[in-house]
Structures are given as C-alpha cells and as structure tokens.
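S.K.: My structure is in start-v4.tsv, and what it holds is TSV, C-alpha atoms and all ligand atoms:
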```
chain	number	residue	atom	x	y	z
U	87	MET	CA	73.15	116.99	145.90
U	88	ASN	CA	69.35	117.28	145.78
U	89	GLU	CA	66.84	114.95	144.21
U	90	VAL	CA	67.09	116.57	140.79
U	91	THR	CA	70.78	115.92	140.34
U	92	SER	CA	70.47	112.44	141.72
U	93	THR	CA	68.14	111.49	138.88
U	94	ARG	CA	68.55	111.48	135.14
U	95	LEU	CA	69.66	114.48	133.10
U	96	PHE	CA	68.96	114.80	129.38
U	97	ILE	CA	71.75	116.82	127.70
U	98	ILE	CA	71.44	118.04	124.10
U	99	GLY	CA	74.51	119.29	122.21
U	100	LYS	CA	76.98	116.83	123.72
U	101	ASN	CA	79.68	117.56	121.12
U	102	GLY	CA	79.78	121.32	121.65
U	103	GLN	CA	82.05	123.34	123.93
U	104	VAL	CA	79.54	123.56	126.77
U	105	GLY	CA	77.82	120.24	126.04
U	106	ARG	CA	81.04	118.29	126.47
U	107	GLU	CA	81.77	119.98	129.77
U	108	LEU	CA	78.26	119.15	130.99
U	109	VAL	CA	78.66	115.50	130.03
U	110	GLU	CA	82.13	115.27	131.61
U	111	TYR	CA	80.99	116.99	134.81
U	112	ALA	CA	78.04	114.61	135.15
U	113	ALA	CA	80.36	111.62	134.62
U	114	ARG	CA	82.89	112.91	137.19
U	115	GLN	CA	80.11	113.40	139.76
U	116	GLY	CA	78.44	110.08	139.05
U	117	ILE	CA	75.25	111.82	137.90
U	118	ASP	CA	73.09	109.75	135.58
U	119	ALA	CA	72.88	111.54	132.23
U	120	VAL	CA	71.90	110.72	128.68
U	121	SER	CA	73.39	112.97	126.01
U	122	PHE	CA	72.86	113.59	122.32
U	123	GLY	CA	74.67	115.08	119.35
U	124	SER	CA	72.78	116.34	116.32
U	125	LYS	CA	73.04	112.97	114.59
U	126	GLU	CA	71.29	111.20	117.46
U	127	LEU	CA	68.67	113.87	118.12
U	128	ASP	CA	67.98	116.80	115.82
U	129	VAL	CA	66.16	119.49	117.79
U	130	ARG	CA	64.38	120.55	114.59
U	131	ASP	CA	62.48	117.25	114.60
U	132	ARG	CA	59.50	117.92	116.88
U	133	ALA	CA	58.25	114.33	117.02
U	134	ALA	CA	61.73	112.91	117.71
U	135	VAL	CA	62.31	115.44	120.49
U	136	LEU	CA	59.06	114.52	122.25
U	137	SER	CA	59.55	110.81	121.81
U	138	SER	CA	63.17	110.80	123.03
U	139	ILE	CA	62.50	112.93	126.11
U	140	SER	CA	59.45	110.84	126.87
U	141	GLU	CA	61.39	107.59	126.49
U	142	HIS	CA	64.17	108.65	128.88
U	143	SER	CA	61.86	110.43	131.32
U	144	PRO	CA	64.59	112.72	132.71
U	145	ALA	CA	64.32	115.01	135.72
U	146	VAL	CA	65.75	117.92	133.74
U	147	VAL	CA	66.50	118.74	130.10
U	148	ILE	CA	69.57	120.88	129.35
U	149	ASN	CA	69.87	122.42	125.91
U	150	ALA	CA	73.49	123.17	124.96
U	151	SER	CA	72.79	122.82	121.24
U	152	ALA	CA	72.66	125.80	118.92
U	153	TYR	CA	73.46	127.10	115.47
U	154	THR	CA	76.52	129.18	116.46
U	155	ALA	CA	78.10	130.34	113.15
U	156	VAL	CA	77.66	134.09	113.66
U	157	ASP	CA	78.78	135.29	110.21
U	158	LYS	CA	77.41	132.36	108.21
U	159	ALA	CA	74.00	132.92	109.79
U	160	GLU	CA	73.62	136.04	107.65
U	161	GLU	CA	73.37	133.74	104.60
U	162	GLU	CA	71.67	130.88	106.41
U	163	GLU	CA	68.89	132.67	108.23
U	164	ALA	CA	66.39	129.83	107.85
U	165	GLN	CA	68.86	127.27	109.25
U	166	ALA	CA	69.77	129.53	112.20
U	167	PHE	CA	66.10	130.08	113.10
U	168	ALA	CA	65.25	126.40	112.58
U	169	VAL	CA	67.71	125.39	115.32
U	170	ASN	CA	67.79	128.44	117.59
U	171	ARG	CA	64.08	129.26	117.55
U	172	ASP	CA	62.08	126.27	116.28
U	173	GLY	CA	64.36	123.74	118.00
U	174	VAL	CA	63.88	125.52	121.32
U	175	GLU	CA	60.11	125.60	120.77
U	176	ASN	CA	60.16	121.84	120.17
U	177	LEU	CA	62.04	121.30	123.42
U	178	ALA	CA	59.74	123.66	125.32
U	179	LEU	CA	56.60	121.93	124.04
U	180	ALA	CA	57.94	118.48	124.91
U	181	CYS	CA	59.07	119.61	128.38
U	182	LYS	CA	55.70	121.24	128.99
U	183	ALA	CA	53.81	118.12	127.90
U	184	LEU	CA	55.93	116.00	130.25
U	185	ASP	CA	56.26	118.58	133.07
U	186	ILE	CA	60.07	118.64	132.97
U	187	PRO	CA	62.18	121.77	133.66
U	188	LEU	CA	64.27	123.01	130.73
U	189	ILE	CA	67.63	124.75	131.10
U	190	HIS	CA	68.60	126.68	127.98
U	191	ILE	CA	71.71	128.69	127.05
U	192	SER	CA	71.61	132.01	125.24
U	193	THR	CA	73.99	134.78	124.33
U	194	ASP	CA	75.22	138.34	124.89
U	195	TYR	CA	74.65	138.84	121.14
U	196	VAL	CA	70.96	139.49	121.85
U	197	PHE	CA	72.18	143.03	122.68
U	198	ASP	CA	73.34	145.69	120.25
U	199	GLY	CA	76.22	146.73	122.54
U	200	LYS	CA	75.30	150.39	122.64
U	201	LYS	CA	74.53	150.61	126.37
U	202	GLY	CA	78.19	150.99	127.30
U	203	SER	CA	77.83	149.37	130.72
U	204	SER	CA	76.91	145.89	131.96
U	205	TYR	CA	73.59	144.60	130.67
U	206	LEU	CA	70.89	143.58	133.14
U	207	GLU	CA	68.26	140.91	132.52
U	208	THR	CA	65.68	143.72	132.38
U	209	ASP	CA	67.45	145.54	129.53
U	210	GLN	CA	65.65	145.34	126.20
U	211	ALA	CA	67.31	142.95	123.73
U	212	SER	CA	68.08	144.44	120.34
U	213	PRO	CA	70.13	142.00	118.28
U	214	ILE	CA	72.26	143.28	115.43
U	215	GLY	CA	72.50	140.17	113.26
U	216	VAL	CA	70.67	136.99	112.34
U	217	TYR	CA	72.42	134.81	114.94
U	218	GLY	CA	71.49	137.17	117.80
U	219	ALA	CA	67.96	137.54	116.46
U	220	SER	CA	67.51	133.77	116.19
U	221	LYS	CA	68.79	133.25	119.75
U	222	TYR	CA	66.47	135.97	121.04
U	223	ALA	CA	63.55	134.36	119.21
U	224	GLY	CA	64.46	131.12	121.02
U	225	GLU	CA	64.40	132.90	124.38
U	226	GLU	CA	61.02	134.42	123.61
U	227	VAL	CA	59.38	131.22	122.47
U	228	LEU	CA	60.70	129.35	125.51
U	229	SER	CA	59.46	131.92	128.02
U	230	GLU	CA	56.07	132.10	126.28
U	231	THR	CA	55.69	128.32	126.04
U	232	TRP	CA	56.91	126.77	129.27
U	233	GLU	CA	57.18	128.36	132.68
U	234	LYS	CA	59.62	125.89	134.25
U	235	HIS	CA	62.69	127.14	132.46
U	236	ILE	CA	66.02	128.80	133.08
U	237	ILE	CA	67.67	130.81	130.32
U	238	LEU	CA	71.34	131.40	131.00
U	239	ARG	CA	72.84	134.12	128.82
U	240	VAL	CA	76.60	133.71	128.52
U	241	SER	CA	79.34	135.48	126.55
U	242	TRP	CA	82.59	134.82	124.66
U	243	VAL	CA	82.75	131.08	125.38
U	244	PHE	CA	86.14	129.35	125.39
U	245	GLY	CA	87.31	125.96	126.53
U	246	ILE	CA	89.21	122.80	125.84
U	247	HIS	CA	86.74	121.37	123.34
U	248	GLY	CA	85.43	122.69	120.06
U	249	ASN	CA	86.34	125.89	118.27
U	250	ASN	CA	87.01	129.09	120.13
U	251	PHE	CA	89.18	132.19	120.24
U	252	VAL	CA	91.81	130.70	122.58
U	253	LYS	CA	92.46	127.73	120.29
U	254	THR	CA	92.50	129.98	117.23
U	255	MET	CA	95.10	132.25	118.88
U	256	LEU	CA	97.30	129.27	119.75
U	257	ARG	CA	97.15	128.07	116.14
U	258	VAL	CA	98.01	131.55	114.87
U	259	ALA	CA	100.95	131.81	117.28
U	260	ALA	CA	102.43	128.66	115.81
U	261	SER	CA	102.46	130.08	112.29
U	262	ARG	CA	102.73	133.88	112.43
U	263	PRO	CA	105.09	136.33	114.17
U	264	GLU	CA	102.44	139.08	114.34
U	265	LEU	CA	98.72	139.65	114.00
U	266	SER	CA	96.08	142.34	114.42
U	267	VAL	CA	93.19	142.05	116.86
U	268	VAL	CA	90.25	144.41	117.42
U	269	ASN	CA	90.44	146.58	120.51
U	270	ASP	CA	87.01	148.26	120.42
U	271	GLN	CA	84.73	145.28	121.06
U	272	LEU	CA	84.44	144.49	124.74
U	273	GLY	CA	82.99	141.52	126.57
U	274	ALA	CA	83.72	138.94	129.23
U	275	PRO	CA	85.38	135.68	128.19
U	276	THR	CA	83.59	132.79	129.90
U	277	SER	CA	84.88	129.26	130.14
U	278	ALA	CA	82.64	126.42	129.00
U	279	ARG	CA	83.51	124.59	132.21
U	280	SER	CA	82.35	127.51	134.38
U	281	ILE	CA	79.04	127.55	132.49
U	282	ALA	CA	78.58	123.81	133.08
U	283	LEU	CA	79.37	124.33	136.76
U	284	ALA	CA	76.90	127.22	137.00
U	285	ILE	CA	74.20	124.98	135.52
U	286	PHE	CA	74.93	122.19	137.98
U	287	ASN	CA	74.90	124.72	140.83
U	288	ILE	CA	71.44	125.87	139.74
U	289	LEU	CA	70.28	122.26	139.67
U	290	SER	CA	71.68	121.72	143.13
U	291	ALA	CA	70.01	124.78	144.61
U	292	ARG	CA	67.59	123.83	147.33
U	293	SER	CA	64.76	125.69	145.63
U	294	PHE	CA	65.15	124.06	142.21
U	295	ASP	CA	62.13	122.16	140.92
U	296	ARG	CA	60.04	123.07	143.94
U	297	ASP	CA	57.24	125.56	144.34
U	298	GLY	CA	58.64	129.05	144.21
U	299	CYS	CA	61.66	128.13	142.14
U	300	ALA	CA	63.14	131.21	140.54
U	301	TRP	CA	62.57	130.31	136.91
U	302	GLY	CA	63.51	132.82	134.25
U	303	LEU	CA	66.38	134.65	132.67
U	304	TYR	CA	69.86	135.00	134.17
U	305	HIS	CA	73.16	136.45	133.00
U	306	PHE	CA	76.40	134.58	133.68
U	307	SER	CA	79.80	135.60	132.40
U	308	GLY	CA	83.44	135.38	133.24
U	309	GLY	CA	84.07	138.51	135.29
U	310	LYS	CA	86.27	141.32	134.06
U	311	VAL	CA	85.27	142.86	130.72
U	312	VAL	CA	88.11	143.16	128.19
U	313	SER	CA	88.62	143.68	124.47
U	314	TRP	CA	89.53	140.86	122.06
U	315	TYR	CA	92.96	142.53	121.87
U	316	ASP	CA	93.42	142.36	125.68
U	317	PHE	CA	92.24	138.76	125.66
U	318	ALA	CA	94.68	137.80	122.88
U	319	VAL	CA	97.61	139.44	124.69
U	320	GLU	CA	96.71	137.58	127.89
U	321	ILE	CA	96.41	134.25	126.04
U	322	PHE	CA	99.85	134.68	124.46
U	323	LYS	CA	101.48	135.78	127.72
U	324	ARG	CA	100.13	132.81	129.65
U	325	ALA	CA	100.73	130.32	126.82
U	326	GLU	CA	104.34	131.47	126.44
U	327	SER	CA	105.05	131.17	130.15
U	328	ARG	CA	103.68	127.60	130.02
U	329	GLN	CA	105.83	126.90	126.94
U	330	LEU	CA	102.72	126.07	124.93
U	331	ILE	CA	104.03	128.43	122.26
U	332	GLU	CA	107.65	129.22	121.51
U	333	CYS	CA	107.25	132.95	121.33
U	334	ALA	CA	104.29	135.29	121.79
U	335	PRO	CA	103.49	137.01	118.49
U	336	LEU	CA	103.41	140.77	118.32
U	337	VAL	CA	99.76	141.88	118.63
U	338	HIS	CA	98.64	145.05	116.86
U	339	SER	CA	95.58	146.82	118.19
U	340	ILE	CA	93.07	147.68	115.45
U	341	GLY	CA	89.53	149.04	115.26
U	342	THR	CA	86.46	147.16	114.08
U	343	LYS	CA	86.44	149.31	110.95
U	344	ASP	CA	89.79	147.72	110.00
U	345	TYR	CA	88.47	144.18	110.43
U	346	PRO	CA	85.19	143.93	108.52
U	347	THR	CA	83.05	140.85	109.15
U	348	ALA	CA	79.77	139.69	107.58
U	349	VAL	CA	77.90	141.01	110.58
U	350	GLU	CA	78.69	143.65	113.17
U	351	ARG	CA	79.38	142.51	116.75
U	352	PRO	CA	78.15	144.37	119.85
U	353	ALA	CA	80.74	146.98	120.89
U	354	TYR	CA	80.10	146.29	124.58
U	355	SER	CA	78.45	143.12	125.81
U	356	GLY	CA	79.35	142.89	129.48
U	357	LEU	CA	76.62	141.04	131.41
U	358	SER	CA	75.81	141.88	135.02
U	359	GLY	CA	75.93	138.77	137.21
U	360	ASP	CA	74.11	140.37	140.14
U	361	LEU	CA	70.80	138.54	139.70
U	362	ILE	CA	72.25	135.02	139.55
U	363	ALA	CA	74.46	135.87	142.53
U	364	GLU	CA	71.47	137.07	144.59
U	365	THR	CA	69.13	134.28	143.51
U	366	TYR	CA	71.36	131.23	143.26
U	367	ALA	CA	74.52	132.40	145.08
U	368	ILE	CA	76.47	131.80	141.87
U	369	THR	CA	79.22	134.35	141.43
U	370	ALA	CA	80.73	135.45	138.15
U	371	GLY	CA	83.81	133.47	137.31
U	372	ASP	CA	87.33	134.73	136.87
U	373	TRP	CA	88.27	134.08	133.26
U	374	GLN	CA	92.01	134.52	133.93
U	375	SER	CA	92.19	131.47	136.17
U	376	ASP	CA	89.83	129.57	133.87
U	377	LEU	CA	92.18	130.45	131.00
U	378	ASP	CA	95.10	128.98	132.96
U	379	GLU	CA	93.09	125.80	133.49
U	380	VAL	CA	92.25	125.52	129.79
U	381	LEU	CA	95.85	126.20	128.70
U	382	SER	CA	97.11	123.66	131.16
U	383	ALA	CA	94.69	121.04	129.82
U	384	LEU	CA	95.54	121.88	126.19
U	385	GLY	CA	99.24	121.48	127.04
U	386	GLN	CA	98.58	117.89	128.06
U	387	TYR	CA	97.12	116.87	124.70
D	1	LIG	N1	80.56	130.09	121.41
D	1	LIG	C1	80.37	131.26	121.99
D	1	LIG	O1	81.26	132.13	122.03
D	1	LIG	C2	79.04	131.58	122.64
D	1	LIG	C3	78.85	132.86	123.19
D	1	LIG	C4	77.63	133.14	123.82
D	1	LIG	C5	76.65	132.17	123.90
D	1	LIG	N2	76.86	130.95	123.34
D	1	LIG	C6	75.78	129.96	123.46
D	1	LIG	O2	76.24	128.91	124.31
D	1	LIG	C7	75.63	127.67	123.92
D	1	LIG	C8	76.71	126.63	123.72
D	1	LIG	O3	77.59	127.10	122.72
D	1	LIG	P1	78.88	126.29	122.28
D	1	LIG	O4	79.95	127.28	121.99
D	1	LIG	O5	79.10	125.16	123.24
D	1	LIG	O6	78.35	125.72	120.88
D	1	LIG	P2	79.09	124.76	119.83
D	1	LIG	O7	80.43	124.37	120.36
D	1	LIG	O8	78.97	125.41	118.51
D	1	LIG	O9	78.17	123.47	119.89
D	1	LIG	C9	76.84	123.53	119.48
D	1	LIG	C10	76.33	122.11	119.32
D	1	LIG	O10	75.00	122.22	118.86
D	1	LIG	C11	74.71	121.04	118.17
D	1	LIG	N3	73.66	121.25	117.18
D	1	LIG	C12	73.66	122.11	116.13
D	1	LIG	N4	72.52	121.96	115.43
D	1	LIG	C13	71.78	121.00	116.06
D	1	LIG	C14	70.53	120.39	115.82
D	1	LIG	N5	69.78	120.73	114.76
D	1	LIG	N6	70.10	119.44	116.68
D	1	LIG	C15	70.85	119.07	117.74
D	1	LIG	N7	72.06	119.60	118.01
D	1	LIG	C16	72.51	120.55	117.18
D	1	LIG	C17	75.99	120.62	117.45
D	1	LIG	O11	76.00	119.21	117.50
D	1	LIG	P3	76.92	118.23	116.58
D	1	LIG	O12	78.35	118.68	116.82
D	1	LIG	O13	76.62	116.89	117.14
D	1	LIG	O14	76.50	118.43	115.15
D	1	LIG	C18	77.09	121.30	118.26
D	1	LIG	O15	77.98	120.37	118.87
D	1	LIG	C19	74.81	127.99	122.68
D	1	LIG	O16	73.48	128.21	123.07
D	1	LIG	C20	75.40	129.29	122.16
D	1	LIG	O17	74.45	130.03	121.43
D	1	LIG	C21	78.04	130.62	122.73
```
Kindly return the structure encoded in the file as structure tokens.
M.R.:
Amino acid sequence: MNEVTSTRLFIIGKNGQVGRELVEYAARQGIDAVSFGSKELDVRDRAAVLSSISEHSPAVVINASAYTAVDKAEEEEAQAFAVNRDGVENLALACKALDIPLIHISTDYVFDGKKGSSYLETDQASPIGVYGASKYAGEEVLSETWEKHIILRVSWVFGIHGNNFVKTMLRVAASRPELSVVNDQLGAPTSARSIALAIFNILSARSFDRDGCAWGLYHFSGGKVVSWYDFAVEIFKRAESRQLIECAPLVHSIGTKDYPTAVERPAYSGLSGDLIAETYAITAGDWQSDLDEVLSALGQY
C-alpha cells in the first residue's frame, strides 16, 4: 500500500452501488476514509464542496455520485446536468484549489453504439440521450479544469447494493413464469465491487500521485460482451442452481423495436480495457464469476 492509500480518502456517493463497495473495501483494508451521501454533501453546492474537502484535507477525492436515471433524464435535463456536469466542475475546482487528485466514474453511454467493436479511449464520444450527454459534459469539464484526474468509464454496473439489472431479474423471477428481454443491445456487465477494486488498484500503483502519473481517461468493464438477453439467461441459470429462485422463467428474445424506452440505448457499448491493462496492470474482470459472488451474497440476505 503506498502513501496515498495510507492516508485519508474522501468518497462521494456512499449510498450508490459503487460508492458502497468503495466504503466497504476501505473499511475491510483499514484505509481511513470519509464518505458522503447526497444529504450530507450535495455536489451541486460549490461552496459546500470546497469547504468539506478543505476541512477533511484528504489525499484523494473519489466521485461515485451521479444522476443515473437514464430515461427520466430526458424530462429532467437540468437536474441531470446539475449533478453530472456542474457537480463534477465543483469537485474539479475544489480539488484544483487544494491540489488533490480526483477520481471520477463515467459511462459507456457517452457512445452512440454504432462502432460495432470495442470502444477505445481515443474514440469520439457521441451520446444519444441526456444522461450520456450530461456524463460526457462532466468528463469534459473535469479534463479542462484539473489535470490530476482519472476518469474511469464503466458499463452495465451490477452488484449487491442499490438497483440494477440482476436484482430486477431476481424480482421478476419470483413473480412471473416468462419475460421478454432485448437481444440486440450489447455491452459488458461490470460488478460494482470490481470497479471499486480497480480504483483502489490505481491508487496503489507506484506511479500514482507522483510526477509522471498517468492521469486521464480509462475504460474498465467486465470482460465478455453480451446482450441483455444473454445476461438475463445467465442470471437465471446461476440463480436457479443456487436455489435463489425456484424455477428459471422462460426468456423470450426480442428486439429493441419491441421494447420502446424514453431514450435509445447504444446498440454496442463494449469498452476496450487495453489501456488500463498497459498503464496500471489492471485487467478486465470476468463478470460471470463476479455474478456468482453477487448471487451468493444476495442469497445470504
Ligand atoms: N448503473 C450503471 O449501470 C452504470 C453504468 C455505467 C456507468 N455508471 C456510472 O457509475 C457511477 C456509479 O454509478 P452507480 O450505479 O453506483 O450509481 P447509483 O447507485 O445510482 O448511486 C449514485 C449516488 O449518487 C448520489 N447522488 C445523486 N445526486 C447527488 C448529489 N447532487 N450530490 C451528491 N450525491 C448525489 C446518490 O446519493 P444518495 O443515495 O445519498 O441520494 C446515489 O447514491 C456513476 O458515475 C454512473 O454514472 C453506472
């Protein structure tokens, strides 16, 4: 553990999927961390952000907070931008004023999904909806404002805490014998725990916070790209074998055109993990084993 992880971390978004994993990981490792939900620190409040970071004087700030309601964002554009763009600017300004590195999380939804193969960090973002646009605006303002930053773009987050596709599928399995899931949107499921671990691995890298640190944008996702249909089938198969559900529902494969949502999703949002592997020796996870871990933990509740 280097000097960064042996001093205080400042974690924002402690009640979210990734935020909770960050807080729990820090506690397990005995790393000093202060953490905040939106009630304790609202990232939209510029003065509060500066004063709180200044008061705690952390070695690193990690932003796991975001406005994440993809469909609702279409009607709540101002709210989405207030958190995902302006909130990030507030954090970047405070971190710059105090010379503190900022780790920020972004999304595969900055892409339109038309490339058809894994996206690189050098590919041009082209968000389809308000959520993706607000997250991209947050990336831009951070990279323009404060050099000492890492932006980690992740995809299809699932985990033990919060709301996600895995938990939705388990709820559905308890109440319905069959369901339809889209088979023409592809991405890589990524566990919240693996994202937290990737962040701690970056912090532990020998080069972090020293001259020559590889600041910037990195992609991190859970390995094999699948469709939501494939993911649902895998969730049911593994949940049934663990007796988390009585019987796997019958899953019908449908197209996006048969499942209209307020905003289109990228058809293909695989993220190449080559850069983070080369730079930080962090390899893309394996979402199947992470799924087993999450199902096992959910079975114990
Ligand atoms: N979920 C996905 O599938 C997905 C996919 C790709 C990328 N991402 C990105 O991954 C990151 C983590 O996502 P997640 O799934 O862990 O999110 P999440 O579970 O929705 O949690 C987001 C947290 O942000 C906090 N928050 C919202 N508005 C805030 C504000 N104004 N001030 C301070 N905190 C605020 C909320 O805090 P309270 O609960 O305390 O109100 C919430 O717990 C985000 O950057 C997201 O964009 C997520």
S.K.: Determine the nearest neighbour of ligand LIG 1 (chain D) from the options U:Ile246, U:Val120, U:Leu95, U:Val311, counting all atoms listed in the file.
M.R.: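 Result for the nearest residue to ligand LIG 1 (chain D): U:Ile246.
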S.K.: Pick the closest to Gln271 (chain U) from U:Leu184, U:Val312, U:Ala367, U:Leu336: which is it, counting all atoms listed in the file?
M.R.: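 Ranked by minimum distance to Gln271 (chain U), first place goes to U:Val312.
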S.K.: What's the separation between CA of His247 (chain U) and CA of Val104 (chain U), in Å to one decimal place?
M.R.: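 We find that CA of His247 (chain U) and CA of Val104 (chain U) lie 8.3 Å from each other.
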S.K.: Within 9 Å of region 141-161 of chain U, which residues of region 206-264 of chain U show up? Give each one with its shortest atom-to-atom distance in Å (one decimal) and the two atoms involved, counting all atoms listed in the file, rows by chain then rising residue number, as a Markdown table.
M.R.:
```
| residue | atom | partner | partner_atom | distance |
| --- | --- | --- | --- | --- |
| U:Gly215 | CA | U:Glu160 | CA | 7.1 |
| U:Val216 | CA | U:Glu160 | CA | 5.6 |
| U:Tyr217 | CA | U:Val156 | CA | 5.4 |
| U:Gly218 | CA | U:Val156 | CA | 8.0 |
| U:Ser220 | CA | U:Tyr153 | CA | 9.0 |
| U:Lys221 | CA | U:Ala152 | CA | 8.4 |
```
S.K.: Return as a list in words the residues of protein, DNA or RNA that approach ligand LIG 1 (chain D) to within 6 Å, with only C-alpha atoms and all ligand atoms taken into account.
M.R.: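 Going residue by residue within 6 Å of ligand LIG 1 (chain D), we get Gly99, Asn101, Gly102, Gln103, Val104, Gly105, Gly123, Ser124, Lys125, Leu127, Asp128, Val129, Arg130, Ala150, Ser151, Ala152, Tyr153, Thr154, Val169, Ile191, Ser192, Thr193, Asp194, Val240, Ser241, Trp242, Val243 and Gly248 of chain U.
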S.K.: Find the residues around Ser277 (chain U) up to 8 Å (all atoms listed in the file counted), leave out those fewer than 2 positions away in its own chain, and share them as a list in words.
M.R.: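 In the requested format, the answer is Val243, Phe244, Gly245, Pro275, Arg279, Ser280, Ile281, Gly308, Trp373, Asp376 and Leu377 of chain U.
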S.K.: Could you give me, as a PyMOL selection string, the residues that have an atom at most 12 Å away from the point (91.7, 151.2, 115.3) in the coordinates of the file, using only C-alpha atoms?
M.R.: chain U and resi 266-271+315+338-346
S.K.: Go ahead and save the residues from that selection, with C-alpha atoms, as a short mmCIF file (atom, residue, chain, number, x, y, z; two decimals), in the frame of the given file.
M.R.:
```cif
data_model
loop_
_atom_site.label_atom_id
_atom_site.label_comp_id
_atom_site.auth_asym_id
_atom_site.auth_seq_id
_atom_site.Cartn_x
_atom_site.Cartn_y
_atom_site.Cartn_z
CA SER U 266 96.08 142.34 114.42
CA VAL U 267 93.19 142.05 116.86
CA VAL U 268 90.25 144.41 117.42
CA ASN U 269 90.44 146.58 120.51
CA ASP U 270 87.01 148.26 120.42
CA GLN U 271 84.73 145.28 121.06
CA TYR U 315 92.96 142.53 121.87
CA HIS U 338 98.64 145.05 116.86
CA SER U 339 95.58 146.82 118.19
CA ILE U 340 93.07 147.68 115.45
CA GLY U 341 89.53 149.04 115.26
CA THR U 342 86.46 147.16 114.08
CA LYS U 343 86.44 149.31 110.95
CA ASP U 344 89.79 147.72 110.00
CA TYR U 345 88.47 144.18 110.43
CA PRO U 346 85.19 143.93 108.52
#
```
S.K.: Name the residues in contact with Arg328 (chain U) at a cut-off of 12 Å, using only C-alpha atoms, excluding same-chain residues fewer than 5 positions from it; report them as a ChimeraX atom specification.
M.R.: /U:321-323,333-334,377-386
S.K.: Have a look at U:Leu238, U:Ala282, U:Leu303, U:Leu272 and name the one nearest to Lys100 (chain U); count all atoms listed in the file.
M.R.: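 Among the listed residues, the smallest separation from Lys100 (chain U) belongs to U:Ala282.
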S.K.: Kindly give the distance, in Å, that separates CA of Leu265 (chain U) and CA of Ala318 (chain U), rounded to a single decimal.
M.R.: 9.9 Å
S.K.: Looking at U:Val196, U:Leu256, U:Ala164, U:Ile214, which one is nearest to Arg351 (chain U), with distances taken over only C-alpha atoms?
M.R.: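 Checking each candidate against Arg351 (chain U), we get U:Ile214 as the closest.
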S.K.: Mind giving me the straight-line distance from CA of Glu175 (chain U) to CA of Thr231 (chain U) in Å, one decimal?
M.R.: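 Answer for the CA of Glu175 (chain U) to CA of Thr231 (chain U) separation: 7.4 Å.
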S.K.: So which residues touch Phe306 (chain U) within 9 Å, counting only C-alpha atoms, skipping near sequence neighbours fewer than 5 positions away, as a PyMOL selection string?
M.R.: chain U and resi 238-241+276+281+284+357-360+362+368-371
S.K.: Between U:Trp314, U:Phe197, U:Phe286, U:Tyr366, which residue has the minimum interatomic distance to Glu110 (chain U), considering all atoms listed in the file?
M.R.: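 Going through U:Trp314, U:Phe197, U:Phe286, U:Tyr366 one by one, the smallest distance to Glu110 (chain U) is for U:Phe286.
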S.K.: If you count only C-alpha atoms, which residues fall within 12 Å of Arg132 (chain U), apart from same-chain ones fewer than 3 positions away, as a list of chain:residue names?
M.R.: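 So the residues in contact are U:Leu127, U:Asp128, U:Val129, U:Val135, U:Leu136, U:Ser137, U:Ser138, U:Ile139, U:Ala168, U:Val169, U:Asp172, U:Gly173, U:Val174, U:Glu175, U:Asn176, U:Leu177, U:Ala178, U:Leu179, U:Ala180, U:Cys181.
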